[in-house]
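Asker: Provided herewith: coords_2.csv, CSV, C-alpha atoms.
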```csv
chain,number,residue,atom,x,y,z
A,19,MET,CA,28.2,-12.1,-33.3
A,20,THR,CA,25.3,-11.6,-30.8
A,21,VAL,CA,22.8,-11.2,-33.7
A,22,ILE,CA,24.0,-14.4,-35.3
A,23,ILE,CA,23.6,-16.3,-32.0
A,24,HIS,CA,20.0,-15.0,-31.6
A,25,VAL,CA,19.1,-15.9,-35.2
A,26,LEU,CA,20.5,-19.4,-34.8
A,27,PHE,CA,18.6,-19.8,-31.5
A,28,TRP,CA,15.3,-18.9,-33.0
A,29,VAL,CA,15.9,-21.1,-36.0
A,30,PHE,CA,16.4,-23.9,-33.6
A,31,ILE,CA,13.2,-23.0,-31.7
A,32,TYR,CA,11.3,-23.0,-35.0
A,33,PHE,CA,12.5,-26.5,-35.8
A,34,PHE,CA,11.6,-27.5,-32.2
A,35,TYR,CA,8.0,-26.4,-32.8
A,36,ASN,CA,8.0,-28.3,-36.0
A,37,TYR,CA,9.1,-31.5,-34.2
A,38,PHE,CA,6.9,-30.9,-31.1
A,39,LEU,CA,3.7,-30.0,-33.0
A,40,GLY,CA,4.1,-32.4,-35.9
A,41,PHE,CA,5.4,-35.5,-34.2
A,42,GLY,CA,3.4,-38.3,-35.8
A,43,SER,CA,1.8,-36.1,-38.5
A,44,ASP,CA,2.2,-36.6,-42.2
A,45,ASN,CA,1.2,-33.0,-43.1
A,46,ILE,CA,4.7,-31.4,-42.6
A,47,ARG,CA,3.9,-28.3,-44.6
A,48,TYR,CA,0.8,-27.5,-42.5
A,49,VAL,CA,2.9,-27.8,-39.3
A,50,GLN,CA,5.7,-25.6,-40.6
A,51,VAL,CA,3.3,-22.8,-41.5
A,52,PHE,CA,1.4,-23.1,-38.2
A,53,SER,CA,4.7,-23.0,-36.2
A,54,LEU,CA,5.5,-19.6,-37.8
A,55,TYR,CA,2.4,-18.1,-36.2
A,56,LEU,CA,3.7,-19.1,-32.8
A,57,MET,CA,7.1,-17.5,-33.3
A,58,PRO,CA,6.2,-13.8,-32.9
A,59,VAL,CA,4.5,-14.1,-29.5
A,60,THR,CA,7.2,-16.5,-28.3
A,61,MET,CA,10.0,-14.0,-29.3
A,62,ILE,CA,8.2,-11.0,-27.8
A,63,LEU,CA,7.5,-12.7,-24.5
A,64,SER,CA,11.0,-14.1,-24.3
A,65,TYR,CA,12.7,-10.8,-24.9
A,66,PHE,CA,10.4,-9.1,-22.4
A,67,VAL,CA,11.2,-11.6,-19.7
A,68,ALA,CA,15.0,-11.6,-20.5
A,69,TYR,CA,15.6,-7.9,-21.0
A,70,GLN,CA,13.1,-6.2,-18.7
A,71,LEU,CA,11.3,-8.5,-16.2
A,72,LEU,CA,14.4,-10.3,-14.9
A,73,PRO,CA,17.0,-7.5,-14.9
A,74,ASP,CA,14.7,-4.6,-13.9
A,75,TYR,CA,12.8,-6.4,-11.1
A,76,LEU,CA,14.0,-9.8,-10.1
A,77,LEU,CA,17.7,-9.1,-10.1
A,78,LYS,CA,17.2,-5.7,-8.5
A,79,LYS,CA,15.2,-7.5,-5.7
A,80,LYS,CA,12.0,-5.7,-6.5
A,81,TYR,CA,10.0,-8.9,-5.8
A,82,LYS,CA,6.5,-7.4,-5.5
A,83,LEU,CA,6.8,-5.6,-8.8
A,84,PHE,CA,8.3,-8.7,-10.3
A,85,VAL,CA,5.3,-10.8,-9.3
A,86,LEU,CA,2.8,-8.2,-10.4
A,87,TYR,CA,4.4,-7.7,-13.9
A,88,ALA,CA,4.9,-11.5,-14.2
A,89,ILE,CA,1.1,-11.9,-13.7
A,90,TYR,CA,0.4,-9.2,-16.2
A,91,ALA,CA,2.8,-10.8,-18.7
A,92,PHE,CA,1.1,-14.2,-18.2
A,93,VAL,CA,-2.4,-12.9,-18.8
A,94,PHE,CA,-1.5,-10.9,-21.9
A,95,SER,CA,0.7,-13.6,-23.3
A,96,PHE,CA,-1.9,-16.3,-22.7
A,97,TYR,CA,-4.4,-14.2,-24.7
A,98,ALA,CA,-1.8,-13.6,-27.4
A,99,ILE,CA,-0.9,-17.3,-27.7
A,100,LEU,CA,-4.6,-18.2,-28.1
A,101,VAL,CA,-5.0,-15.5,-30.8
A,102,SER,CA,-1.8,-16.8,-32.6
A,103,ILE,CA,-3.2,-20.4,-32.5
A,104,PHE,CA,-6.6,-19.2,-33.8
A,105,PHE,CA,-5.0,-17.3,-36.7
A,106,GLY,CA,-2.7,-20.2,-37.3
A,107,LEU,CA,-5.7,-22.6,-37.7
A,108,VAL,CA,-7.7,-20.2,-39.8
A,109,PHE,CA,-5.1,-19.1,-42.3
A,110,THR,CA,-3.7,-22.5,-42.8
A,111,SER,CA,-7.1,-24.1,-43.5
A,112,SER,CA,-6.6,-23.3,-47.2
A,113,LEU,CA,-3.8,-25.8,-47.2
A,114,ASP,CA,-4.5,-29.3,-48.2
A,115,VAL,CA,-5.2,-31.2,-45.0
A,116,GLU,CA,-4.6,-34.9,-45.3
A,117,THR,CA,-6.6,-37.6,-43.5
A,118,SER,CA,-4.3,-37.6,-40.5
A,119,SER,CA,-4.5,-34.8,-38.0
A,120,PRO,CA,-1.9,-32.1,-39.1
A,121,ILE,CA,-1.2,-31.1,-35.5
A,122,THR,CA,-0.8,-33.9,-33.0
A,123,LYS,CA,-0.9,-31.8,-29.8
A,124,THR,CA,-3.9,-30.5,-28.0
A,125,LEU,CA,-4.4,-26.8,-27.2
A,126,PRO,CA,-3.1,-26.9,-23.6
A,127,LEU,CA,0.1,-28.6,-24.9
A,128,VAL,CA,0.7,-26.0,-27.5
A,129,VAL,CA,0.4,-23.2,-24.9
A,130,LEU,CA,2.7,-25.1,-22.6
A,131,GLY,CA,5.2,-25.5,-25.4
A,132,VAL,CA,5.4,-21.8,-25.8
A,133,TYR,CA,5.9,-21.2,-22.1
A,134,PHE,CA,8.5,-24.0,-22.1
A,135,VAL,CA,10.5,-22.0,-24.6
A,136,VAL,CA,10.1,-18.8,-22.6
A,137,SER,CA,11.2,-20.7,-19.5
A,138,VAL,CA,14.4,-21.9,-21.3
A,139,VAL,CA,15.1,-18.3,-22.4
A,140,ALA,CA,14.7,-17.1,-18.8
A,141,VAL,CA,17.0,-19.8,-17.4
A,142,LEU,CA,19.7,-19.0,-20.1
A,143,SER,CA,19.3,-15.2,-19.3
A,144,LEU,CA,19.8,-15.8,-15.6
A,145,ALA,CA,22.8,-17.9,-16.3
A,146,MET,CA,24.2,-15.2,-18.5
A,147,TYR,CA,23.6,-12.4,-16.0
A,148,ASN,CA,25.2,-14.5,-13.3
A,149,TYR,CA,28.2,-15.1,-15.5
A,150,LYS,CA,28.6,-11.4,-16.4
A,151,SER,CA,28.2,-10.5,-12.7
A,152,THR,CA,30.9,-13.0,-11.8
A,153,LEU,CA,33.2,-11.5,-14.4
A,154,LYS,CA,32.4,-8.0,-13.2
A,155,ASN,CA,33.1,-9.0,-9.6
A,156,GLU,CA,36.4,-10.6,-10.5
A,157,ASP,CA,37.4,-7.6,-12.6
A,158,LEU,CA,36.5,-5.3,-9.6
A,159,THR,CA,38.5,-7.5,-7.2
A,160,ASN,CA,41.5,-7.5,-9.5
A,161,LYS,CA,41.3,-3.7,-9.8
A,162,ILE,CA,41.2,-3.4,-6.0
A,163,LEU,CA,44.1,-5.8,-5.6
A,164,GLN,CA,46.0,-3.9,-8.2
A,165,ASN,CA,45.4,-0.6,-6.5
A,166,GLN,CA,46.4,-2.1,-3.2
A,167,LEU,CA,49.7,-3.4,-4.7
A,168,GLN,CA,50.4,0.0,-6.3
A,169,LEU,CA,49.8,1.7,-3.0
A,170,ARG,CA,52.0,-0.8,-1.3
A,171,ASP,CA,54.8,-0.4,-3.8
A,172,GLN,CA,54.6,3.4,-3.6
A,173,GLU,CA,54.8,3.2,0.2
A,174,LEU,CA,57.9,0.9,-0.1
A,175,ARG,CA,59.6,3.3,-2.5
A,176,PHE,CA,58.8,6.2,-0.2
A,177,LEU,CA,60.3,4.3,2.8
A,178,LYS,CA,63.5,3.5,0.8
A,179,MET,CA,63.8,7.2,-0.2
A,180,GLN,CA,63.7,8.1,3.5
A,181,ILE,CA,66.3,5.5,4.4
A,182,HIS,CA,68.9,6.3,1.7
A,183,PRO,CA,69.3,10.0,2.3
A,184,HIS,CA,69.5,9.5,6.1
A,185,PHE,CA,72.3,6.9,5.7
A,186,LEU,CA,74.2,9.0,3.1
A,187,PHE,CA,73.9,12.2,5.2
A,188,ASN,CA,75.7,10.4,8.2
A,189,SER,CA,78.4,8.9,5.9
A,190,LEU,CA,79.1,12.1,4.0
A,191,ASN,CA,79.2,14.1,7.3
A,192,THR,CA,81.9,11.8,8.6
A,193,ILE,CA,84.0,12.1,5.4
A,194,TYR,CA,83.6,15.9,5.6
A,195,GLY,CA,85.0,15.9,9.1
A,196,PHE,CA,88.0,13.8,8.0
A,197,ALA,CA,88.6,16.1,5.0
A,198,LEU,CA,88.7,19.2,7.3
A,199,MET,CA,91.2,17.5,9.5
A,200,LYS,CA,93.2,16.2,6.5
A,201,ARG,CA,93.2,12.7,7.9
A,202,ASP,CA,94.9,10.0,5.9
A,203,GLU,CA,91.8,7.8,6.3
A,204,ALA,CA,89.7,10.0,4.1
A,205,PRO,CA,90.6,8.4,0.7
A,206,GLU,CA,89.9,4.9,2.1
A,207,MET,CA,86.6,6.1,3.6
A,208,ILE,CA,85.6,7.6,0.2
A,209,LEU,CA,86.4,4.2,-1.5
A,210,LYS,CA,84.3,2.3,1.0
A,211,LEU,CA,81.5,4.8,0.7
A,212,SER,CA,81.7,4.4,-3.1
A,213,ASN,CA,81.1,0.7,-2.6
A,214,LEU,CA,78.1,1.5,-0.5
A,215,LEU,CA,76.8,3.9,-3.0
A,216,ASP,CA,77.1,1.2,-5.7
A,217,TYR,CA,75.1,-1.1,-3.5
A,218,ILE,CA,72.4,1.5,-3.0
A,219,LEU,CA,72.1,2.6,-6.6
A,220,TYR,CA,72.2,-0.7,-8.3
A,221,GLN,CA,71.0,-3.2,-5.8
A,222,THR,CA,68.3,-1.7,-3.6
A,223,ASP,CA,65.8,-1.2,-6.5
A,224,LYS,CA,65.7,-5.0,-6.7
A,225,PRO,CA,62.9,-6.9,-4.9
A,226,SER,CA,65.6,-8.9,-3.1
A,227,VAL,CA,69.4,-9.4,-2.9
A,228,ALA,CA,71.7,-12.1,-1.8
A,229,LEU,CA,72.2,-12.1,2.0
A,230,THR,CA,75.9,-12.3,1.3
A,231,ASP,CA,75.6,-8.9,-0.4
A,232,GLU,CA,73.7,-7.4,2.5
A,233,ILE,CA,76.4,-8.8,4.9
A,234,ALA,CA,79.1,-7.2,2.8
A,235,HIS,CA,77.2,-4.0,3.0
A,236,LEU,CA,77.1,-4.2,6.8
A,237,LYS,CA,80.8,-4.9,7.0
A,238,ASN,CA,81.6,-1.8,4.8
A,239,TYR,CA,79.4,0.3,7.1
A,240,ILE,CA,81.1,-1.0,10.2
A,241,ALA,CA,84.5,-0.3,8.7
A,242,LEU,CA,83.5,3.3,8.0
A,243,GLU,CA,82.3,3.8,11.5
A,244,LYS,CA,85.5,2.3,13.0
A,245,MET,CA,87.5,4.8,11.0
A,246,ARG,CA,85.3,7.6,12.3
A,247,PHE,CA,85.3,6.6,16.0
A,248,HIS,CA,88.9,5.2,16.2
A,249,ASP,CA,89.7,3.9,19.7
A,250,THR,CA,86.4,5.0,21.1
A,251,LEU,CA,84.5,2.2,19.3
A,252,ARG,CA,84.7,-1.5,19.9
A,253,VAL,CA,82.7,-3.7,17.5
A,254,VAL,CA,82.2,-7.4,17.8
A,255,ALA,CA,80.5,-8.7,14.6
A,256,ASN,CA,79.8,-12.4,14.0
A,257,PHE,CA,78.3,-13.5,10.7
A,258,SER,CA,77.2,-17.1,10.2
A,259,ASN,CA,75.4,-17.8,6.9
A,260,ASP,CA,75.1,-21.5,6.0
A,261,ASN,CA,73.2,-20.9,2.8
A,262,ASP,CA,74.6,-18.6,0.1
A,263,SER,CA,71.4,-18.8,-1.9
A,264,ILE,CA,69.3,-17.0,0.7
A,265,GLN,CA,67.7,-13.8,-0.5
A,266,ILE,CA,66.6,-10.8,1.6
A,267,ALA,CA,65.1,-7.4,1.0
A,268,PRO,CA,67.9,-4.9,0.5
A,269,MET,CA,68.8,-2.2,3.1
A,270,LEU,CA,66.7,-4.1,5.6
A,271,LEU,CA,69.3,-4.4,8.4
A,272,ILE,CA,71.5,-1.3,8.0
A,273,PRO,CA,69.0,1.0,9.8
A,274,PHE,CA,69.4,-1.0,13.0
A,275,LEU,CA,73.2,-0.8,12.8
A,276,GLU,CA,73.1,2.9,11.8
A,277,ASN,CA,70.9,3.6,14.9
A,278,SER,CA,73.3,1.8,17.2
A,279,PHE,CA,76.2,4.2,16.2
A,280,LYS,CA,74.0,7.2,16.1
A,281,HIS,CA,72.4,6.8,19.6
A,282,GLY,CA,75.0,4.6,21.2
A,283,ALA,CA,76.7,6.0,24.4
A,284,ILE,CA,80.4,6.1,25.1
A,285,LYS,CA,81.1,4.6,28.5
A,286,ASP,CA,84.5,4.5,30.1
A,287,GLY,CA,85.9,5.9,26.8
A,288,VAL,CA,84.4,3.1,24.7
A,289,MET,CA,81.2,2.6,22.8
A,290,LEU,CA,80.3,-1.1,22.5
A,291,VAL,CA,78.5,-2.6,19.5
A,292,ASP,CA,77.9,-6.3,19.5
A,293,LEU,CA,76.3,-7.8,16.3
A,294,LEU,CA,75.3,-11.4,15.6
A,295,LEU,CA,73.7,-12.5,12.3
A,296,GLU,CA,73.1,-16.2,11.7
A,297,THR,CA,70.9,-18.3,9.5
A,298,SER,CA,69.4,-21.7,9.9
A,299,GLY,CA,67.7,-23.0,6.7
A,300,ASP,CA,65.4,-20.1,5.7
A,301,GLN,CA,65.3,-18.6,9.2
A,302,LEU,CA,67.4,-15.4,9.9
A,303,TYR,CA,68.4,-14.4,13.4
A,304,PHE,CA,69.8,-10.9,13.9
A,305,LYS,CA,70.8,-9.4,17.3
A,306,LEU,CA,72.4,-6.1,17.9
A,307,VAL,CA,73.5,-4.7,21.2
A,308,ASN,CA,75.0,-1.3,21.8
A,309,SER,CA,75.9,0.6,25.0
A,310,SER,CA,73.4,3.2,25.9
A,311,SER,CA,72.6,5.8,28.4
A,312,PRO,CA,69.3,6.3,30.4
A,313,LYS,CA,68.9,9.8,29.0
A,314,GLU,CA,68.8,8.4,25.4
A,315,ASN,CA,65.4,8.6,23.8
A,316,THR,CA,63.9,5.2,23.6
A,317,THR,CA,61.6,6.0,20.7
A,318,PHE,CA,62.4,4.9,17.2
A,319,GLY,CA,64.2,7.3,14.9
A,320,ILE,CA,63.2,7.8,11.3
A,321,GLY,CA,65.3,4.8,10.1
A,322,LEU,CA,63.9,2.4,12.6
A,323,GLN,CA,60.3,3.5,12.1
A,324,ASN,CA,60.8,3.0,8.4
A,325,ILE,CA,62.4,-0.4,8.7
A,326,LYS,CA,59.6,-1.6,11.0
A,327,LYS,CA,57.0,-0.5,8.4
A,328,ARG,CA,59.0,-2.3,5.7
A,329,LEU,CA,59.0,-5.5,7.7
A,330,GLU,CA,55.3,-5.3,8.1
A,331,LEU,CA,54.8,-4.9,4.4
A,332,LEU,CA,57.4,-7.4,3.2
A,333,TYR,CA,57.2,-10.1,5.9
A,334,PRO,CA,53.7,-9.9,7.3
A,335,GLN,CA,53.3,-12.4,10.2
A,336,ALA,CA,56.7,-13.8,9.3
A,337,PHE,CA,58.9,-11.8,11.6
A,338,GLU,CA,59.5,-11.0,15.3
A,339,LEU,CA,61.1,-7.7,16.3
A,340,LEU,CA,62.0,-7.0,19.9
A,341,ILE,CA,63.6,-3.8,21.1
A,342,GLU,CA,64.8,-3.4,24.7
A,343,ASN,CA,66.4,-0.5,26.4
A,344,ASP,CA,67.8,-0.5,29.9
A,345,GLU,CA,70.3,1.6,31.8
A,346,ASN,CA,73.3,0.1,30.0
A,347,PHE,CA,72.3,-1.5,26.7
A,348,TYR,CA,70.1,-1.0,23.8
A,349,THR,CA,69.1,-4.4,22.2
A,350,VAL,CA,67.5,-5.2,18.9
A,351,THR,CA,66.4,-8.8,18.3
A,352,LEU,CA,65.0,-9.8,14.9
A,353,ARG,CA,63.8,-13.1,13.6
A,354,ILE,CA,62.6,-13.5,10.0
A,355,ASN,CA,61.1,-16.4,8.0
A,356,LEU,CA,62.6,-15.5,4.6
A,357,THR,CA,60.4,-17.9,2.7
A,358,LYS,CA,57.3,-15.9,3.4
A,359,LYS,CA,58.6,-12.7,1.8
A,360,LYS,CA,56.1,-10.9,-0.4
A,361,ASN,CA,57.2,-9.6,-3.8
A,362,GLU,CA,58.4,-6.1,-3.8
A,363,VAL,CA,58.2,-4.2,-7.1
A,364,SER,CA,61.1,-1.8,-7.6
```
Please, can you express the file's structure as structure tokens?

Answerer:
Amino acid sequence: MTVIIHVLFWVFIYFFYNYFLGFGSDNIRYVQVFSLYLMPVTMILSYFVAYQLLPDYLLKKKYKLFVLYAIYAFVFSFYAILVSIFFGLVFTSSLDVETSSPITKTLPLVVLGVYFVVSVVAVLSLAMYNYKSTLKNEDLTNKILQNQLQLRDQELRFLKMQIHPHFLFNSLNTIYGFALMKRDEAPEMILKLSNLLDYILYQTDKPSVALTDEIAHLKNYIALEKMRFHDTLRVVANFSNDNDSIQIAPMLLIPFLENSFKHGAIKDGVMLVDLLLETSGDQLYFKLVNSSSPKENTTFGIGLQNIKKRLELLYPQAFELLIENDENFYTVTLRINLTKKKNEVS
């Protein structure tokens, strides 16, 4: 395809010479033959400029060498053009020359015509190099973005893998304790855990899930913990969702709730957990308070560290997370603008 384009281009240049040199002349055959003598020097000079002078020196910012070799090229090409014109005049003299002048352009105009063609080739070459450079930069940018997305997706998968075993270990440990004591609640706990496992296996690989599903997941978890703690746990949970179409990243809130049961303190025979989740439009407000003890470690556990990282990846600059710990209570406050969630590839 490239060869065909080059051939067509030089055929066009040949006819341009015919028109340029023979405008107003009646001896068309003489002009056609004379134009052929200008083609070799025009082509050699054009390809030298397009494939060596421009890419090897100008585009690589070797400006001194570019100027030096451009001067050399001009001197040698000027001499070659004069020789071509001389041979063109000599070897076409045997042709029948009619009364009118066969070539209507003076010597300087013929030389300028050759350099005009070379200049056009140089401009086209620069435009082509610029186009290829743009495509190369776009391709490189796309590859960089693709690699960044792959790294981000791998990190998200890794964070999920850390969250799931942590949650399952706590739940299975509770059921194991009930089984040892042969408690009647064990079958019901297994059923609820089965529902949670269904959620984990079939929902968390999705980029997002319905907020109603996430709320049901939280309620199942609370029910499991109530069965484990019995009278030593008091949970006040309020869920207010005014939009059933709201989507949220799966397993996003459970680590906060899990942490409240894991690190919560029993005071006066009761551990208090107060949960509030409400939505307004696409804004989510989540607040979780649990009773705590001053001796409890205030640093994030694995689950909270992971969830904080997931928030940064999925909702960059679209969430506010505040964690407070005093002598009596541990408080987590989270606000998310759900419309600004980035796509998460499973």

Asker: Contacts of Leu56 in chain A at 12 Å or less, counting all atoms listed in the file, minus same-chain residues fewer than 4 places along, as an MDAnalysis selection string?

Answerer: chainID A and resid 28 31:36 39 49:52 60:63 95:96 98:107 128:133 135

Asker: Write out the residues from the selection above, keeping C-alpha atoms, as a short mmCIF file (atom, residue, chain, number, x, y, z; two decimals), in the coordinates of the input.

Answerer:
```cif
data_model
loop_
_atom_site.label_atom_id
_atom_site.label_comp_id
_atom_site.auth_asym_id
_atom_site.auth_seq_id
_atom_site.Cartn_x
_atom_site.Cartn_y
_atom_site.Cartn_z
CA TRP A 28 15.30 -18.90 -33.00
CA ILE A 31 13.20 -23.00 -31.70
CA TYR A 32 11.30 -23.00 -35.00
CA PHE A 33 12.50 -26.50 -35.80
CA PHE A 34 11.60 -27.50 -32.20
CA TYR A 35 8.00 -26.40 -32.80
CA ASN A 36 8.00 -28.30 -36.00
CA LEU A 39 3.70 -30.00 -33.00
CA VAL A 49 2.90 -27.80 -39.30
CA GLN A 50 5.70 -25.60 -40.60
CA VAL A 51 3.30 -22.80 -41.50
CA PHE A 52 1.40 -23.10 -38.20
CA THR A 60 7.20 -16.50 -28.30
CA MET A 61 10.00 -14.00 -29.30
CA ILE A 62 8.20 -11.00 -27.80
CA LEU A 63 7.50 -12.70 -24.50
CA SER A 95 0.70 -13.60 -23.30
CA PHE A 96 -1.90 -16.30 -22.70
CA ALA A 98 -1.80 -13.60 -27.40
CA ILE A 99 -0.90 -17.30 -27.70
CA LEU A 100 -4.60 -18.20 -28.10
CA VAL A 101 -5.00 -15.50 -30.80
CA SER A 102 -1.80 -16.80 -32.60
CA ILE A 103 -3.20 -20.40 -32.50
CA PHE A 104 -6.60 -19.20 -33.80
CA PHE A 105 -5.00 -17.30 -36.70
CA GLY A 106 -2.70 -20.20 -37.30
CA LEU A 107 -5.70 -22.60 -37.70
CA VAL A 128 0.70 -26.00 -27.50
CA VAL A 129 0.40 -23.20 -24.90
CA LEU A 130 2.70 -25.10 -22.60
CA GLY A 131 5.20 -25.50 -25.40
CA VAL A 132 5.40 -21.80 -25.80
CA TYR A 133 5.90 -21.20 -22.10
CA VAL A 135 10.50 -22.00 -24.60
#
```

Asker: Can you tell me, as a PyMOL selection string, which residues sit within 7 Å of (64.5, -2.1, 7.0) in the file's frame, using all atoms listed in the file?

Answerer: chain A and resi 269-271+273+324-326+328-329

Asker: Using only C-alpha atoms, determine which residues lie at most 12 Å from Tyr65 in chain A, disregarding the query and same-chain residues fewer than 6 positions distant; provide the list as a list in words.

Answerer: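 Result of the neighbour search: His24, Trp28, Pro58, Val59, Leu71, Leu72, Pro73, Ala91, Val135, Val136, Ser137, Val138, Val139, Ala140, Leu142 and Ser143 of chain A.
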
Asker: Keeping C-alpha atoms, export the residues of the selection given above as a PDB file, in the coordinates of the input.

Answerer:
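This is the output file result.pdb:
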```pdb
ATOM      1  CA  HIS A  24      20.000 -15.000 -31.600  1.00  0.00           C
ATOM      2  CA  TRP A  28      15.300 -18.900 -33.000  1.00  0.00           C
ATOM      3  CA  PRO A  58       6.200 -13.800 -32.900  1.00  0.00           C
ATOM      4  CA  VAL A  59       4.500 -14.100 -29.500  1.00  0.00           C
ATOM      5  CA  LEU A  71      11.300  -8.500 -16.200  1.00  0.00           C
ATOM      6  CA  LEU A  72      14.400 -10.300 -14.900  1.00  0.00           C
ATOM      7  CA  PRO A  73      17.000  -7.500 -14.900  1.00  0.00           C
ATOM      8  CA  ALA A  91       2.800 -10.800 -18.700  1.00  0.00           C
ATOM      9  CA  VAL A 135      10.500 -22.000 -24.600  1.00  0.00           C
ATOM     10  CA  VAL A 136      10.100 -18.800 -22.600  1.00  0.00           C
ATOM     11  CA  SER A 137      11.200 -20.700 -19.500  1.00  0.00           C
ATOM     12  CA  VAL A 138      14.400 -21.900 -21.300  1.00  0.00           C
ATOM     13  CA  VAL A 139      15.100 -18.300 -22.400  1.00  0.00           C
ATOM     14  CA  ALA A 140      14.700 -17.100 -18.800  1.00  0.00           C
ATOM     15  CA  LEU A 142      19.700 -19.000 -20.100  1.00  0.00           C
ATOM     16  CA  SER A 143      19.300 -15.200 -19.300  1.00  0.00           C
TER      17      SER A 143
END
```

Asker: Could you work out how far CA of Asn213 in chain A lies from CA of Tyr303 in chain A, giving the answer in Å with one decimal?

Answerer: 25.4 Å

Asker: From the options A:Ser53, A:Lys280, A:Lys224, A:Ile240, which residue's atoms come nearest to Tyr37 in chain A, counting only C-alpha atoms?

Answerer: A:Ser53

Asker: How many Å separate CA of Leu125 in chain A from CA of Ile89 in chain A?

Answerer: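 Result for CA of Leu125 in chain A versus CA of Ile89 in chain A: 20.8 Å, one decimal.
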
Asker: Work out how far apart CA of Asn155 in chain A and CA of Val21 in chain A are and give it in Å to one decimal.

Answerer: 26.3 Å

Asker: Which residues come within 9 Å of Thr230 in chain A, counting only C-alpha atoms, excluding same-chain residues fewer than 4 positions away, as a VMD selection string?

Answerer: chain A and resid 234 to 235 259 262 to 265

Asker: Nearest to Asp202 in chain A among A:Arg246, A:Ile354, A:Tyr217, A:Ile162, with distances taken over all atoms listed in the file: which residue is it?

Answerer: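 Closest candidate: A:Arg246.
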